[in-house]
Amino acid sequence: MDGYAGKIVYADLGRGTVEIRPTPDDLKRQYLGGRGFGARIVADRVDPTTDPLSPANVFVLASGPLTGTGIPLGSRYEVSAKSPLNGTLASANSGGTFGWKIKKAGFDAAVISGRSEKPVYLFLNEGSAELRDASPYWGRDVYETTEALIADIGDPKAKVACIGPAGEKQSLIACIMNDDDRAAGRNGFGAVMGSKNLKAIVATGNLPIGVADQERLNAVKERIREKIQKNGICEALTKYGTSVLVNIVNENGILPTRNFQSGHFAGAENISGEKIAETILKKNTGCYACIVRCSRVCEVDGEVHEGPEYEPVWAFGADIGNEDIKLVTKAAWEGSVSDLL
């Protein structure tokens, strides 16, 4: 089988040790990668009664065989662990370029156990791995951490997945952020990283990602690309982003509002993808190998950023008027949405 980097790194934070092993053939055949790898490894290593925020929980970050091969939409990586939110084995995933870079760094997965006495980050580079001191970055937000790590490493092509202060404080809604703006947001895994004193995982390198038959893979890529581009959903997502769904789900009474006390939000039209495109959109962008490019790059008060998505605002139930979309966007970027509620 190909499409794999061929190695898994096992980091025991309590002992401060790193071990690199070949990716088992049976794991590749039976579980493929990503969520499959994570589910199998966590199930094998974590007792069901384990406290999710204890050193005994095991945190797995894994990509799959299609990630990084150039297959359309082949950008994802998966995070798996016992969730502090629901107490069971769970997962979250994210796009961007980090999943691709894990493979270019030479790894299919990172398996992280234990708890470090001081903040650390895991550095992956062309088949090698080491734990490094993250004390200088502790307390910094995601943007500051990412910028500082890349600068200190001296490699502008490095990619970072990290937590901010919420994860450090083990907030159960903390995300793992990569590429600044991408989130593995489900199941409280930012808190799991924080409980281990793991500030970040940094991946760099340019190792080849082998495939078994490049010609046949190229043919599959073209078929997939053609099907995606002919689909009307692709066109809508490219033009309006994922917030194109806001009006649709609101009209059907299933837009989560005020923690789903209601399925309808009166101000939905004003935070829809259509309204974003009309008012603040600068351009669209996308993840590695993505032809949909649903991400929004917006300008508010002279500041240009990627995002944000608006689901958190609906969930908290802010009453948004016709002139408030810029205020909500600016507040989300500055981390002060709560001030609006």
# chains A, B, ... in the order shown; residues from 1 in each chain; ligands from 1
>>> select_by_dssp(residues="range 89-273 of chain A", states="helix (DSSP H, G or I)", output="MDAnalysis selection string")
chainID A and resid 98:104 135:137 142:153 165:168 189:195 214:230 232:240 242:251 268:271 273
>>> residues_around(residues="Ile173 in chain A", least_positions_apart="5", cutoff="9 Å", atoms="only C-alpha atoms", output="number ranges by chain")
A: 85, 166-167, 185-191
>>> write_last_selection(atoms="N, CA and C atoms", output="compact mmCIF listing (two decimals), in the first residue's frame")
# COMPACT_ATOMS: atom_id res chain seq x y z
N LEU A 85 -15.72 16.42 26.96
CA LEU A 85 -17.10 16.91 26.85
C LEU A 85 -18.13 15.80 26.97
N ALA A 166 -7.21 29.56 26.16
CA ALA A 166 -8.37 28.75 26.55
C ALA A 166 -7.98 27.28 26.70
N GLY A 167 -7.18 26.76 25.77
CA GLY A 167 -6.71 25.39 25.88
C GLY A 167 -5.79 25.20 27.07
N GLY A 185 -12.33 21.67 16.00
CA GLY A 185 -13.10 22.36 17.02
C GLY A 185 -14.01 21.51 17.88
N ARG A 186 -14.20 20.27 17.54
CA ARG A 186 -15.16 19.47 18.31
C ARG A 186 -14.51 18.77 19.50
N ASN A 187 -15.32 18.52 20.51
CA ASN A 187 -15.00 17.58 21.59
C ASN A 187 -13.96 18.06 22.60
N GLY A 188 -13.61 19.34 22.59
CA GLY A 188 -12.78 19.89 23.64
C GLY A 188 -11.33 19.44 23.63
N PHE A 189 -10.79 19.18 22.44
CA PHE A 189 -9.44 18.64 22.38
C PHE A 189 -8.36 19.69 22.65
N GLY A 190 -8.72 20.98 22.55
CA GLY A 190 -7.78 22.00 23.00
C GLY A 190 -7.50 21.85 24.49
N ALA A 191 -8.52 21.47 25.25
CA ALA A 191 -8.34 21.24 26.68
C ALA A 191 -7.46 20.03 26.94
>>> closest_atom_pairs(of="range 15-101 of chain A", to="range 216-235 of chain A", cutoff="10 Å", atoms="only C-alpha atoms", output="Markdown table")
| residue | atom | partner | partner_atom | distance |
| --- | --- | --- | --- | --- |
| A:Thr69 | CA | A:Leu217 | CA | 8.8 |
| A:Gly70 | CA | A:Lys221 | CA | 7.8 |
| A:Ile71 | CA | A:Lys221 | CA | 5.5 |
| A:Pro72 | CA | A:Arg225 | CA | 6.5 |
| A:Leu73 | CA | A:Arg225 | CA | 9.4 |
>>> residues_around(residues="Lys196 in chain A", least_positions_apart="2", cutoff="7 Å", atoms="only C-alpha atoms", output="list in words")
Pro55, Gly114, Arg115, Ser116, Val192, Met193, Gly194 and Leu198 of chain A
>>> write_last_selection(atoms="all heavy atoms", output="mmCIF file, in the first residue's frame")
data_model
loop_
_atom_site.group_PDB
_atom_site.id
_atom_site.type_symbol
_atom_site.label_atom_id
_atom_site.label_comp_id
_atom_site.auth_asym_id
_atom_site.auth_seq_id
_atom_site.Cartn_x
_atom_site.Cartn_y
_atom_site.Cartn_z
ATOM 1 N N PRO A 55 -3.201 12.479 32.684
ATOM 2 C CA PRO A 55 -2.081 12.042 31.834
ATOM 3 C C PRO A 55 -2.330 10.725 31.127
ATOM 4 O O PRO A 55 -1.671 10.433 30.120
ATOM 5 C CB PRO A 55 -0.921 11.918 32.846
ATOM 6 C CG PRO A 55 -1.286 12.826 33.963
ATOM 7 C CD PRO A 55 -2.777 12.745 34.082
ATOM 8 N N GLY A 114 0.750 10.957 28.442
ATOM 9 C CA GLY A 114 1.395 11.550 29.598
ATOM 10 C C GLY A 114 1.162 13.045 29.723
ATOM 11 O O GLY A 114 0.383 13.652 28.982
ATOM 12 N N ARG A 115 1.883 13.636 30.671
ATOM 13 C CA ARG A 115 1.802 15.071 30.892
ATOM 14 C C ARG A 115 3.181 15.608 31.216
ATOM 15 O O ARG A 115 3.874 15.084 32.092
ATOM 16 C CB ARG A 115 0.841 15.402 32.033
ATOM 17 C CG ARG A 115 0.672 16.903 32.290
ATOM 18 C CD ARG A 115 -0.239 17.163 33.482
ATOM 19 N NE ARG A 115 -0.559 18.581 33.601
ATOM 20 C CZ ARG A 115 0.192 19.488 34.220
ATOM 21 N NH1 ARG A 115 1.344 19.107 34.791
ATOM 22 N NH2 ARG A 115 -0.184 20.751 34.284
ATOM 23 N N SER A 116 3.585 16.649 30.506
ATOM 24 C CA SER A 116 4.885 17.255 30.755
ATOM 25 C C SER A 116 4.823 18.150 31.989
ATOM 26 O O SER A 116 3.793 18.779 32.266
ATOM 27 C CB SER A 116 5.316 18.080 29.542
ATOM 28 O OG SER A 116 6.517 18.760 29.797
ATOM 29 N N VAL A 192 -7.590 18.997 26.105
ATOM 30 C CA VAL A 192 -6.743 17.805 26.258
ATOM 31 C C VAL A 192 -5.279 18.172 26.037
ATOM 32 O O VAL A 192 -4.400 17.768 26.804
ATOM 33 C CB VAL A 192 -7.188 16.689 25.297
ATOM 34 C CG1 VAL A 192 -6.232 15.499 25.378
ATOM 35 C CG2 VAL A 192 -8.607 16.235 25.619
ATOM 36 N N MET A 193 -5.001 18.977 25.005
ATOM 37 C CA MET A 193 -3.627 19.434 24.803
ATOM 38 C C MET A 193 -3.139 20.238 26.002
ATOM 39 O O MET A 193 -2.008 20.063 26.476
ATOM 40 C CB MET A 193 -3.515 20.268 23.525
ATOM 41 C CG MET A 193 -3.419 19.445 22.250
ATOM 42 S SD MET A 193 -3.125 20.436 20.752
ATOM 43 C CE MET A 193 -1.480 21.103 21.052
ATOM 44 N N GLY A 194 -4.000 21.123 26.511
ATOM 45 C CA GLY A 194 -3.620 21.924 27.660
ATOM 46 C C GLY A 194 -3.342 21.086 28.892
ATOM 47 O O GLY A 194 -2.413 21.373 29.664
ATOM 48 N N LEU A 198 0.971 20.535 26.418
ATOM 49 C CA LEU A 198 1.433 20.497 25.026
ATOM 50 C C LEU A 198 0.904 21.741 24.321
ATOM 51 O O LEU A 198 -0.287 21.860 24.055
ATOM 52 C CB LEU A 198 0.936 19.231 24.328
ATOM 53 C CG LEU A 198 1.332 19.073 22.859
ATOM 54 C CD1 LEU A 198 2.837 18.884 22.707
ATOM 55 C CD2 LEU A 198 0.589 17.895 22.226
#
>>> atom_distance(atom1="CA of Ile150 in chain A", atom2="CA of Leu207 in chain A")
19.0 Å
>>> decode(residues="range 238-273 of chain A", atoms="N, CA, C and O atoms", output="JSON list (two decimals), in the first residue's frame")
[["chain", "number", "residue", "atom", "x", "y", "z"],
["A", 238, "THR", "N", -18.33, 28.14, -3.45],
["A", 238, "THR", "CA", -17.26, 29.01, -3.95],
["A", 238, "THR", "C", -17.68, 30.47, -3.89],
["A", 238, "THR", "O", -16.89, 31.34, -3.50],
["A", 239, "LYS", "N", -18.91, 30.74, -4.25],
["A", 239, "LYS", "CA", -19.38, 32.12, -4.33],
["A", 239, "LYS", "C", -19.70, 32.71, -2.97],
["A", 239, "LYS", "O", -19.40, 33.88, -2.70],
["A", 240, "TYR", "N", -20.29, 31.90, -2.07],
["A", 240, "TYR", "CA", -20.80, 32.44, -0.81],
["A", 240, "TYR", "C", -20.19, 31.81, 0.44],
["A", 240, "TYR", "O", -20.50, 32.25, 1.55],
["A", 241, "GLY", "N", -19.35, 30.78, 0.30],
["A", 241, "GLY", "CA", -18.77, 30.14, 1.47],
["A", 241, "GLY", "C", -19.75, 29.25, 2.19],
["A", 241, "GLY", "O", -20.91, 29.08, 1.78],
["A", 242, "THR", "N", -19.32, 28.66, 3.31],
["A", 242, "THR", "CA", -20.20, 27.76, 4.05],
["A", 242, "THR", "C", -21.40, 28.48, 4.63],
["A", 242, "THR", "O", -22.42, 27.85, 4.92],
["A", 243, "SER", "N", -21.31, 29.79, 4.78],
["A", 243, "SER", "CA", -22.46, 30.54, 5.29],
["A", 243, "SER", "C", -23.58, 30.67, 4.28],
["A", 243, "SER", "O", -24.62, 31.27, 4.58],
["A", 244, "VAL", "N", -23.40, 30.10, 3.08],
["A", 244, "VAL", "CA", -24.52, 30.00, 2.14],
["A", 244, "VAL", "C", -25.64, 29.16, 2.74],
["A", 244, "VAL", "O", -26.80, 29.26, 2.34],
["A", 245, "LEU", "N", -25.31, 28.35, 3.74],
["A", 245, "LEU", "CA", -26.31, 27.49, 4.37],
["A", 245, "LEU", "C", -27.19, 28.23, 5.35],
["A", 245, "LEU", "O", -28.24, 27.73, 5.76],
["A", 246, "VAL", "N", -26.79, 29.43, 5.77],
["A", 246, "VAL", "CA", -27.51, 30.13, 6.82],
["A", 246, "VAL", "C", -28.98, 30.33, 6.46],
["A", 246, "VAL", "O", -29.89, 29.96, 7.21],
["A", 247, "ASN", "N", -29.24, 30.93, 5.31],
["A", 247, "ASN", "CA", -30.63, 31.19, 4.93],
["A", 247, "ASN", "C", -31.39, 29.89, 4.71],
["A", 247, "ASN", "O", -32.57, 29.78, 5.05],
["A", 248, "ILE", "N", -30.72, 28.91, 4.12],
["A", 248, "ILE", "CA", -31.38, 27.64, 3.80],
["A", 248, "ILE", "C", -31.85, 26.94, 5.07],
["A", 248, "ILE", "O", -33.02, 26.55, 5.19],
["A", 249, "VAL", "N", -30.94, 26.77, 6.04],
["A", 249, "VAL", "CA", -31.34, 26.05, 7.26],
["A", 249, "VAL", "C", -32.28, 26.88, 8.12],
["A", 249, "VAL", "O", -33.15, 26.34, 8.82],
["A", 250, "ASN", "N", -32.15, 28.22, 8.05],
["A", 250, "ASN", "CA", -33.07, 29.07, 8.80],
["A", 250, "ASN", "C", -34.49, 28.94, 8.27],
["A", 250, "ASN", "O", -35.46, 28.85, 9.04],
["A", 251, "GLU", "N", -34.63, 28.91, 6.95],
["A", 251, "GLU", "CA", -35.95, 28.77, 6.35],
["A", 251, "GLU", "C", -36.60, 27.43, 6.69],
["A", 251, "GLU", "O", -37.83, 27.30, 6.72],
["A", 252, "ASN", "N", -35.75, 26.44, 6.96],
["A", 252, "ASN", "CA", -36.27, 25.11, 7.31],
["A", 252, "ASN", "C", -36.40, 24.92, 8.83],
["A", 252, "ASN", "O", -36.71, 23.82, 9.28],
["A", 253, "GLY", "N", -36.15, 25.98, 9.58],
["A", 253, "GLY", "CA", -36.36, 25.92, 11.02],
["A", 253, "GLY", "C", -35.35, 25.10, 11.78],
["A", 253, "GLY", "O", -35.65, 24.60, 12.88],
["A", 254, "ILE", "N", -34.13, 24.97, 11.24],
["A", 254, "ILE", "CA", -33.13, 24.14, 11.91],
["A", 254, "ILE", "C", -31.81, 24.89, 12.10],
["A", 254, "ILE", "O", -30.75, 24.29, 12.19],
["A", 255, "LEU", "N", -31.90, 26.23, 12.18],
["A", 255, "LEU", "CA", -30.72, 27.02, 12.46],
["A", 255, "LEU", "C", -30.55, 27.13, 13.99],
["A", 255, "LEU", "O", -31.38, 27.74, 14.66],
["A", 256, "PRO", "N", -29.50, 26.55, 14.56],
["A", 256, "PRO", "CA", -29.36, 26.56, 16.03],
["A", 256, "PRO", "C", -29.29, 27.98, 16.56],
["A", 256, "PRO", "O", -28.36, 28.72, 16.25],
["A", 257, "THR", "N", -30.27, 28.37, 17.36],
["A", 257, "THR", "CA", -30.36, 29.72, 17.89],
["A", 257, "THR", "C", -30.54, 29.66, 19.40],
["A", 257, "THR", "O", -31.39, 28.91, 19.89],
["A", 258, "ARG", "N", -29.71, 30.43, 20.14],
["A", 258, "ARG", "CA", -29.76, 30.44, 21.60],
["A", 258, "ARG", "C", -29.69, 29.02, 22.14],
["A", 258, "ARG", "O", -30.59, 28.56, 22.84],
["A", 259, "ASN", "N", -28.58, 28.36, 21.78],
["A", 259, "ASN", "CA", -28.35, 26.97, 22.20],
["A", 259, "ASN", "C", -29.51, 26.06, 21.81],
["A", 259, "ASN", "O", -29.89, 25.15, 22.55],
["A", 260, "PHE", "N", -30.03, 26.30, 20.61],
["A", 260, "PHE", "CA", -31.11, 25.52, 20.01],
["A", 260, "PHE", "C", -32.42, 25.58, 20.81],
["A", 260, "PHE", "O", -33.24, 24.67, 20.72],
["A", 261, "GLN", "N", -32.61, 26.67, 21.55],
["A", 261, "GLN", "CA", -33.94, 26.91, 22.10],
["A", 261, "GLN", "C", -34.92, 27.21, 20.97],
["A", 261, "GLN", "O", -36.13, 27.06, 21.12],
["A", 262, "SER", "N", -34.35, 27.64, 19.84],
["A", 262, "SER", "CA", -35.15, 27.92, 18.66],
["A", 262, "SER", "C", -34.39, 27.44, 17.44],
["A", 262, "SER", "O", -33.17, 27.34, 17.45],
["A", 263, "GLY", "N", -35.12, 27.14, 16.39],
["A", 263, "GLY", "CA", -34.51, 26.76, 15.13],
["A", 263, "GLY", "C", -34.59, 27.86, 14.09],
["A", 263, "GLY", "O", -34.30, 27.63, 12.90],
["A", 264, "HIS", "N", -35.01, 29.05, 14.52],
["A", 264, "HIS", "CA", -35.14, 30.17, 13.59],
["A", 264, "HIS", "C", -34.52, 31.41, 14.21],
["A", 264, "HIS", "O", -34.72, 31.71, 15.40],
["A", 265, "PHE", "N", -33.75, 32.15, 13.39],
["A", 265, "PHE", "CA", -33.07, 33.36, 13.85],
["A", 265, "PHE", "C", -33.49, 34.53, 12.98],
["A", 265, "PHE", "O", -33.29, 34.52, 11.76],
["A", 266, "ALA", "N", -34.09, 35.55, 13.60],
["A", 266, "ALA", "CA", -34.66, 36.67, 12.86],
["A", 266, "ALA", "C", -33.60, 37.43, 12.05],
["A", 266, "ALA", "O", -33.91, 37.97, 10.99],
["A", 267, "GLY", "N", -32.37, 37.48, 12.53],
["A", 267, "GLY", "CA", -31.33, 38.24, 11.84],
["A", 267, "GLY", "C", -30.46, 37.41, 10.92],
["A", 267, "GLY", "O", -29.39, 37.86, 10.51],
["A", 268, "ALA", "N", -30.92, 36.22, 10.56],
["A", 268, "ALA", "CA", -30.08, 35.30, 9.80],
["A", 268, "ALA", "C", -29.62, 35.88, 8.47],
["A", 268, "ALA", "O", -28.46, 35.70, 8.07],
["A", 269, "GLU", "N", -30.51, 36.57, 7.77],
["A", 269, "GLU", "CA", -30.15, 37.10, 6.46],
["A", 269, "GLU", "C", -28.94, 38.03, 6.53],
["A", 269, "GLU", "O", -28.12, 38.09, 5.60],
["A", 270, "ASN", "N", -28.79, 38.72, 7.64],
["A", 270, "ASN", "CA", -27.72, 39.70, 7.77],
["A", 270, "ASN", "C", -26.36, 39.10, 8.09],
["A", 270, "ASN", "O", -25.36, 39.82, 8.12],
["A", 271, "ILE", "N", -26.31, 37.81, 8.37],
["A", 271, "ILE", "CA", -25.03, 37.14, 8.58],
["A", 271, "ILE", "C", -24.86, 35.98, 7.60],
["A", 271, "ILE", "O", -24.04, 35.08, 7.80],
["A", 272, "SER", "N", -25.60, 36.03, 6.52],
["A", 272, "SER", "CA", -25.56, 34.96, 5.52],
["A", 272, "SER", "C", -24.38, 35.13, 4.57],
["A", 272, "SER", "O", -23.76, 36.20, 4.50],
["A", 273, "GLY", "N", -24.07, 34.09, 3.84],
["A", 273, "GLY", "CA", -23.01, 34.17, 2.84],
["A", 273, "GLY", "C", -23.29, 35.21, 1.79],
["A", 273, "GLY", "O", -22.37, 35.88, 1.30]]
